[in-house]
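Asks: Questions regarding the structure given below will be posed in turn.
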Amino acid sequence: MIPPAFLSAIAEGGDRIALRFPGSAAVTYCELDDRMTRFAARIGNERKKLIAIEAYSSDMAIVAYLSALRAGHAVAMLPPGAPDVLADFEARFSPDLVFRRDGERWRLTQTGGGSSHPGLHDDLALVLMTSGSSGKPRAVRLSAANLTANANSIAEYLTLQPGDCACCILPLHYSYGLSVLNSHMRAGATVCLPDVSVRDPAFLSMLEEAGCTNFAGVPYSYELLEKAGFRKRRFSNLRLMTVAGGRMCPDLVRKYNRHMGANGGAFFAMYGQTEATARIAYVPPDRLEGNEDRIGVAIPDGELSLLDESGRPIPASGAEGQLVYTGPNVMMGYGETREDLARGHELSRLKTGDLAMRDENGLYRISGRISRFSKIAGIRTGHDFLEAALAAKGIKAAVVGDDRFIQVFFRGDFDSDHVCRLLVEASGLTATHFRVCRMRELPRLSSGKVDYAALRQNVEADTSSETVRSVEEAFAQVFYPRRVTGRDSFITLGGDSLRFVELSLELDRLMAAVPQGWENMPVDALSAGLGKTSTRKPMMRSVGIDILLRTLAILLVVVHHETLWPIPGGSSVMMLLVGYSLARFQSQALFAGRWEALVHPLLQVLVPYFAVVAAYALAWGEIPWASVTLTGNFGYADPVRHTMIPYLYWFVEAYVQTIAVVAAPFFLPRFRRWARTYPFEAGLVFLAFGVLARFAIPPLIDIGNRQIFTLPWVFHGAMFGWCAAFADTALKRAILLSIGALVIGYLGFVESVWIGTAIKYATLFTALAALLFVPRIRLPKRLAALVLTISAASFPIYLFHRLVPEVLMLPIVGHLPPALSQILSIAGGIAIGLLMRSVQQGSLRFLSARSKNFTSLQEDRSSYGEKLEFQR
């Protein structure tokens with residue numbers, strides 16, 4: 001059990017900083033060494049163990065990882081916060097110990113089996129999970145020698161020194177991120193693990209303040225840096241930047257290479273695979289200009305070569321073949337079960353599966369993939385594997401596809417749904433990723449082989465479909481015209497409450513169960529996670545309480561307006577949800593000063609609102625300026641005089657005014673930083689301001705009953721919602737509920753003189769308590785679908801429900817019994833809102849499809865141009 005050699009540098013680091021966490025105390029090499037010794041004592045060394053670690057970017061996970069390696073154990077670094085992945089790993093590989101975070105604490109637990117577990121190979125040091133050709137995760141077995149060789153090679157060609165400080169934004173269960181840690185530990189350098197993402201405007205300041213000399217990122221990281229204006233700033237310590245993890249646009253490579261060169265630094269474009277302990281090739285910075293599309297040369301102590309289809313070496317330049325890597329960092333092999341971890345070294349070279357060409361200067365360029373597979377939602381699924389899975393069930397099929405969807409052609413009298421279920425079970429994808437077509441005969445070549453080229457020519461994506469087919473299409477439709485990538489999440493795209501309900505409805509239609517917290521998950525991860533859910537629909541569905549409250553609130557509004565029953569609490573609950581949604585979906589934009597993220601939620605409300613204003617202006621022949629300026633709720637205008645549209649629309653004006661008031665202090669950087677650290681306390685400040693305004697302003701400016709539509713009258717309700725979104729502890733929830741009981745209780749039962757007011761504030765307090773203590777509720781699936789549908793249409797219902805009794809039913813309303821008239825008004829108001837939402841969604845689907853077709857055409861033209869250039 002010889003540990004990786006690079007760990008010896010830790011004991012020699014002394015008082016130099018090993019780990020830096022901005023905003024927290026740094027960890028010196030001496031402290032790291034001491035903590036590693038103490039953790040090693042906890043796990044023991046009487047026999048070699050497999051230790052699974054939740055790979056958070058924290059000092060606890062890093063100490064556990066390094067100390068387990070130094071003690072001679074094998075470590076499995078697993079994605080953090082992914083209980084399904086951990087459960088699957090435990091079932092297949094039976095780790096002896098699991099080190100995971102439980103809330104704010106870390107727990108080391110022993111799993112069943114103990115010494116009865118199958119033994120581990122002496123050389124095994126690290127287990128990382130990667131997708132196999134079947135799409136099912138496989139374990140990559142790496143030895144201590146692999147880790148040492150990789151760390152040494154990287155440190156050598158990057159010329160890492162003890163004075164370096166690497167900014168590591170990459171996850172530690174990812175081989176690239178782990179290689180940054182290993183190579184810098186080997187050099188006795190510092191690793192900085194920031195607490196802000198590259199998207200955060202504070203990131204660039206952190207990069208400078210932390211004294212980072214090195215930055216490691218994937219191509220998407222550099223796209224984000226471009227948006228943040230990285231190249232417009234100077235970083236006094238930054239001497240090198242690296243990129244790996246996929247193809248980066250050559251133009252972007254050129255920009256960063258020139259930028260670093262102009263500032264006395266270096267830019268490294270690299271290539272690697274987990275199977276080679278992260279690194280295979282790099283382009284020396286002095287050869288990168290003009291070679292931005294190359295992966296370069298092998299890393300120190302490694303060798304690259306090409307093989308033709310017969311497995312013979314290709315010595316000539318300009319010829320395409322499979323890229324093969326040989327070096328001391330090539331993995332021991334794959335593993336599927338615990339027993340596989342006892343196997344030794346099975347590979348002397350790595351066939352990468354990539355097609356490549358070597359130019360006359362000895363630099364390699366990736367030209368394609370040798371295997372037939374699709375990579376959808378991060379899952380690599382082999383077409384041959386799917387054909388074999390269907391053949392095992394007696395179904396002759398041919399599979400083609402790309403990274404958008406998989407098209408399956410089959411023969412026979414099998415039911416298409418049955419074929420689709422078999423594909424879902426075999427691949428782990430969802431049914432939305434497959435298109436299944438029955439054929440009388442599969443087309444064949446003269447040799448008798450299936451003519452896949454003919455099948456691919458027959459595949460046409462039906463982009464004009466009435467419904468979305470996948471998570472990706474759902475996001476693209478809801479966020480149209482903004483481009484959505486697999487790395488985006490609902491929050492990072494600037495989602496708002498209306499889009500949240502729309503996507504909840506689409507995801508609920510696509511899936512058996514939508515995971516809690518999906519709004520924070522990247523599209524790729526969400527697609528992959530949904531792909532693993534059962535194809536059997538459950539009888540009950542979990543619905544967010546805010547969605548249920550939105551549905552109940554709009555129903556209360558419609559019923560109150562159509563019947564004048566004393567149940568006016570709907571609008572108060574809607575204001576509560578304004579603040580709750582603002583905190584939940586736009587607070588990060590406010591904290592970061594990204595004002596553009598507030599524009600789309602406002603436009604979603606204002607565009608249809610101004611359409612209504614325009615309609616009234618045309619009907620009256622006058623412009624209702626108070627409504628145009630969004631000040632009709634101030635009480636100085638009157639619908640009778642056509643200076644504003646009906647009071648019904650006060651809510652839109654109050655909504656916009658609330659956004660403006662809340663956003664104002666965030667223009668102060670100091671307030672942004674404070675609110676970002678203490679969002680609940682910031683909410684209490686807003687709430688105090690709202691309560692003060694509620695009691696102080698109405699007596700000063702008497703506008704009669706119209707004051708109930710003004711911002712001072714309702715702002716505190718929205719701020720209760722903000723605080724509820726950030727009340728993440730029992731103490732905060734108790735504080736907020738107590739404040740609510742005092743303020744809302746006084747307004748509803750002391751100040752009020754009408755029973756409707758008491759009902760209104762009782763409804764508001766009940767909704768606040770539900771937000772605090774009942775985050776989700778289970779409903780029968782049909783009822784849940786109805787709730788989601790009405791919630792998604794809540795704003796169109798609000799805007800247009802009065803058209804039914806005041807316009808559409810006007811010719812017959814006098815001839816109907818009052819009760820029937822009210823029932824028809826309520827049903828019609830809800831129906832017209834649902835109809836308007838359907839029209840809106842149909843328009844978005846059409847525009848999204850047109851945009852997608854245009855993008856595909858442009859990409860096809862670009863690809864064709866590249867092919868012509870290559871032929872020249």
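Chain labels run A, B, ... following the order of the structure tokens; each chain numbers its residues from 1, and ligands are numbered from 1 in the order shown.
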From a backbone DSSP assignment, name each residue in region 338-465 of chain A labelled strand (DSSP E or B), as an NGL selection string.

Replies: :A and (350-358 or 364-369 or 373-376 or 379-382 or 397-401 or 406-410 or 434-438 or 444 or 450)

Asks: Can you tell me, as an NGL selection string, what residues are no more than 9 Å from region 787-800 of chain A when counting only C-alpha atoms, ignoring any on the same chain fewer than 5 positions away?

Replies: :A and (498-505 or 508 or 543 or 547-555 or 557-558 or 605 or 608-609 or 612 or 648-649 or 782 or 829-838)

Asks: Select, from A:Leu731, A:Val196, A:Ala68, A:Ala525, the residue with the minimum atom-to-atom distance to Leu429 (chain A), counting only C-alpha atoms.

Replies: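 That would be A:Ala525, the residue with the smallest distance to Leu429 (chain A).
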
Asks: For each of A:Gln477, A:Ser317, A:Met331, A:Ala827, take the minimum atom-to-atom distance to Glu562 (chain A), counting only C-alpha atoms, then give the residue where this is smallest.

Replies: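 Using only C-alpha atoms, Glu562 (chain A) sits closest to A:Ala827.
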
Asks: List as JSON, numbers by chain the protein and nucleic acid residues near region 413-425 of chain A, meaning an atom at most 9 Å away when only C-alpha atoms are counted, but skip any in the same chain fewer than 3 places from it.

Replies: {"A": [386, 389, 390, 393, 395, 408, 410, 428, 429, 430, 431, 433, 434, 435, 436, 437, 438, 531, 532, 535]}

Asks: Go ahead and dump the residues you just picked, N, CA and C atoms, as a PDB file, in the first residue's frame.

Replies:
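Okay, part.pdb is ready:
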```pdb
ATOM      1  N   LEU A 386     -27.906  -0.445 -27.882  1.00  0.00           N
ATOM      2  CA  LEU A 386     -29.369  -0.420 -27.923  1.00  0.00           C
ATOM      3  C   LEU A 386     -29.904  -1.464 -28.898  1.00  0.00           C
ATOM      4  N   ALA A 389     -29.723  -4.723 -27.157  1.00  0.00           N
ATOM      5  CA  ALA A 389     -30.742  -4.843 -26.116  1.00  0.00           C
ATOM      6  C   ALA A 389     -32.096  -5.207 -26.714  1.00  0.00           C
ATOM      7  N   LEU A 390     -32.434  -4.618 -27.868  1.00  0.00           N
ATOM      8  CA  LEU A 390     -33.693  -4.961 -28.521  1.00  0.00           C
ATOM      9  C   LEU A 390     -33.636  -6.346 -29.153  1.00  0.00           C
ATOM     10  N   LYS A 393     -34.624  -9.110 -27.050  1.00  0.00           N
ATOM     11  CA  LYS A 393     -36.074  -9.251 -26.881  1.00  0.00           C
ATOM     12  C   LYS A 393     -36.749  -9.685 -28.179  1.00  0.00           C
ATOM     13  N   ILE A 395     -36.349  -8.240 -31.193  1.00  0.00           N
ATOM     14  CA  ILE A 395     -36.721  -7.105 -32.046  1.00  0.00           C
ATOM     15  C   ILE A 395     -35.521  -6.709 -32.894  1.00  0.00           C
ATOM     16  N   VAL A 408     -34.937   5.268 -33.577  1.00  0.00           N
ATOM     17  CA  VAL A 408     -34.887   3.798 -33.623  1.00  0.00           C
ATOM     18  C   VAL A 408     -35.889   3.307 -34.668  1.00  0.00           C
ATOM     19  N   PHE A 410     -37.511  -0.145 -36.385  1.00  0.00           N
ATOM     20  CA  PHE A 410     -37.606  -1.573 -36.076  1.00  0.00           C
ATOM     21  C   PHE A 410     -38.591  -2.261 -37.008  1.00  0.00           C
ATOM     22  N   GLY A 428     -31.370   4.227 -19.492  1.00  0.00           N
ATOM     23  CA  GLY A 428     -31.419   5.178 -18.395  1.00  0.00           C
ATOM     24  C   GLY A 428     -31.867   6.559 -18.824  1.00  0.00           C
ATOM     25  N   LEU A 429     -32.183   6.751 -20.125  1.00  0.00           N
ATOM     26  CA  LEU A 429     -32.727   8.006 -20.605  1.00  0.00           C
ATOM     27  C   LEU A 429     -34.241   8.009 -20.423  1.00  0.00           C
ATOM     28  N   THR A 430     -34.887   9.085 -20.816  1.00  0.00           N
ATOM     29  CA  THR A 430     -36.342   9.141 -20.752  1.00  0.00           C
ATOM     30  C   THR A 430     -36.929   8.856 -22.127  1.00  0.00           C
ATOM     31  N   ALA A 431     -38.229   8.596 -22.141  1.00  0.00           N
ATOM     32  CA  ALA A 431     -38.911   8.320 -23.409  1.00  0.00           C
ATOM     33  C   ALA A 431     -38.856   9.519 -24.345  1.00  0.00           C
ATOM     34  N   HIS A 433     -36.387  11.184 -25.151  1.00  0.00           N
ATOM     35  CA  HIS A 433     -35.137  11.217 -25.915  1.00  0.00           C
ATOM     36  C   HIS A 433     -35.147  10.245 -27.098  1.00  0.00           C
ATOM     37  N   PHE A 434     -36.230   9.474 -27.239  1.00  0.00           N
ATOM     38  CA  PHE A 434     -36.302   8.483 -28.316  1.00  0.00           C
ATOM     39  C   PHE A 434     -37.423   8.805 -29.286  1.00  0.00           C
ATOM     40  N   ARG A 435     -37.175   8.477 -30.553  1.00  0.00           N
ATOM     41  CA  ARG A 435     -38.214   8.512 -31.573  1.00  0.00           C
ATOM     42  C   ARG A 435     -38.227   7.138 -32.227  1.00  0.00           C
ATOM     43  N   VAL A 436     -39.349   6.499 -32.143  1.00  0.00           N
ATOM     44  CA  VAL A 436     -39.456   5.100 -32.561  1.00  0.00           C
ATOM     45  C   VAL A 436     -40.343   5.011 -33.801  1.00  0.00           C
ATOM     46  N   CYS A 437     -39.865   4.256 -34.799  1.00  0.00           N
ATOM     47  CA  CYS A 437     -40.595   4.151 -36.075  1.00  0.00           C
ATOM     48  C   CYS A 437     -40.568   2.702 -36.569  1.00  0.00           C
ATOM     49  N   ARG A 438     -41.739   2.160 -36.917  1.00  0.00           N
ATOM     50  CA  ARG A 438     -41.823   0.811 -37.472  1.00  0.00           C
ATOM     51  C   ARG A 438     -41.613   0.876 -38.985  1.00  0.00           C
ATOM     52  N   GLY A 531     -34.132  11.127 -16.327  1.00  0.00           N
ATOM     53  CA  GLY A 531     -34.049   9.910 -17.121  1.00  0.00           C
ATOM     54  C   GLY A 531     -34.027   8.661 -16.281  1.00  0.00           C
ATOM     55  N   LYS A 532     -33.658   8.802 -14.986  1.00  0.00           N
ATOM     56  CA  LYS A 532     -33.558   7.639 -14.117  1.00  0.00           C
ATOM     57  C   LYS A 532     -34.822   7.402 -13.314  1.00  0.00           C
ATOM     58  N   THR A 535     -40.754   4.902 -15.121  1.00  0.00           N
ATOM     59  CA  THR A 535     -41.684   5.204 -16.209  1.00  0.00           C
ATOM     60  C   THR A 535     -43.130   5.009 -15.756  1.00  0.00           C
TER      61      THR A 535
END
```

Asks: Have a look at A:Ala391, A:Leu742, A:Cys212, A:Leu307 and name the one nearest to Val691 (chain A); count only C-alpha atoms.

Replies: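 Distance minimum relative to Val691 (chain A) lands on A:Leu742.
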
Asks: Skipping near chain neighbours, those fewer than 6 positions away, what residues fall within 8 Å of region 14-21 of chain A using only C-alpha atoms, listed as a list in words?

Replies: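 Those residues are Val27, Thr28, Tyr29, Cys30, Leu32, Asp59, Met185, Gly188, Ala189, Thr190, Val191, Cys192, Leu193, Pro194 and Asp195 of chain A.
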
Asks: Need the shell around Ile51 (chain A): protein/DNA/RNA residues with any atom at most 12 Å away, counting only C-alpha atoms. Skip same-chain ones fewer than 4 positions apart. Format as a ChimeraX atom specification?

Replies: /A:40,43-44,55,61,64-69,71-78,86,89-90,93-100,108-111,114,120,124-127

Asks: Show me, as an NGL selection string, the residues that have an atom within 8 Å of region 340-352 of chain A when counting only C-alpha atoms, minus same-chain residues fewer than 3 positions from it.

Replies: :A and (118-121 or 123-124 or 141 or 273 or 275-276 or 322-327 or 330-337)

Asks: How would the residues just picked look written out with C-alpha atoms as an mmCIF file, in the first residue's frame?

Replies:
```cif
data_model
loop_
_atom_site.group_PDB
_atom_site.id
_atom_site.type_symbol
_atom_site.label_atom_id
_atom_site.label_comp_id
_atom_site.auth_asym_id
_atom_site.auth_seq_id
_atom_site.Cartn_x
_atom_site.Cartn_y
_atom_site.Cartn_z
ATOM 1 C CA PRO A 118 -13.658 -8.543 -1.120
ATOM 2 C CA GLY A 119 -10.089 -7.298 -0.966
ATOM 3 C CA LEU A 120 -8.627 -4.410 -2.965
ATOM 4 C CA HIS A 121 -5.589 -4.489 -5.223
ATOM 5 C CA ASP A 123 -1.885 -0.546 -6.226
ATOM 6 C CA LEU A 124 -5.440 0.825 -6.272
ATOM 7 C CA ARG A 141 -9.461 2.327 -11.445
ATOM 8 C CA GLN A 273 -9.667 11.740 -20.245
ATOM 9 C CA GLU A 275 -8.974 7.047 -18.049
ATOM 10 C CA ALA A 276 -5.577 8.792 -18.283
ATOM 11 C CA GLN A 322 -7.858 6.441 -33.757
ATOM 12 C CA LEU A 323 -5.857 8.387 -31.175
ATOM 13 C CA VAL A 324 -3.927 6.131 -28.790
ATOM 14 C CA TYR A 325 -2.082 7.284 -25.665
ATOM 15 C CA THR A 326 0.707 5.456 -23.844
ATOM 16 C CA GLY A 327 2.098 6.601 -20.521
ATOM 17 C CA VAL A 330 -3.004 5.166 -18.079
ATOM 18 C CA MET A 331 -5.596 3.625 -15.779
ATOM 19 C CA MET A 332 -5.469 0.110 -14.368
ATOM 20 C CA GLY A 333 -8.823 -0.610 -16.042
ATOM 21 C CA TYR A 334 -12.571 -0.297 -15.550
ATOM 22 C CA GLY A 335 -14.682 -1.782 -12.797
ATOM 23 C CA GLU A 336 -18.329 -2.672 -12.438
ATOM 24 C CA THR A 337 -18.418 -4.269 -8.958
#
```

Asks: Can you tell me which residues surround Gly290 (chain A) at a distance of at most 12 Å, considering only C-alpha atoms, apart from same-chain residues fewer than 6 positions away, and format the answer as JSON, numbers by chain?

Replies: {"A": [250, 251, 253, 254, 255, 257, 258, 283, 296, 361, 363]}

Asks: How many Å separate CA of Trp674 (chain A) from CA of Phe585 (chain A)?

Replies: 18.5 Å

Asks: Using only C-alpha atoms, which residue out of A:Ala758, A:Leu771, A:Ile280, A:Ala785 lies closest to Trp722 (chain A)?

Replies: A:Leu771

Asks: For CA of Arg776 (chain A) and CA of Ile545 (chain A), quote the distance in Å rounded to one decimal.

Replies: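 Those two atoms sit 4.9 Å apart.
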
Asks: Nearest to Pro4 (chain A): which of A:Ala145, A:Val839, A:Leu684, A:Ala762 is it, counting only C-alpha atoms?

Replies: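 Comparing A:Ala145, A:Val839, A:Leu684, A:Ala762 against Pro4 (chain A), the winner is A:Ala145.
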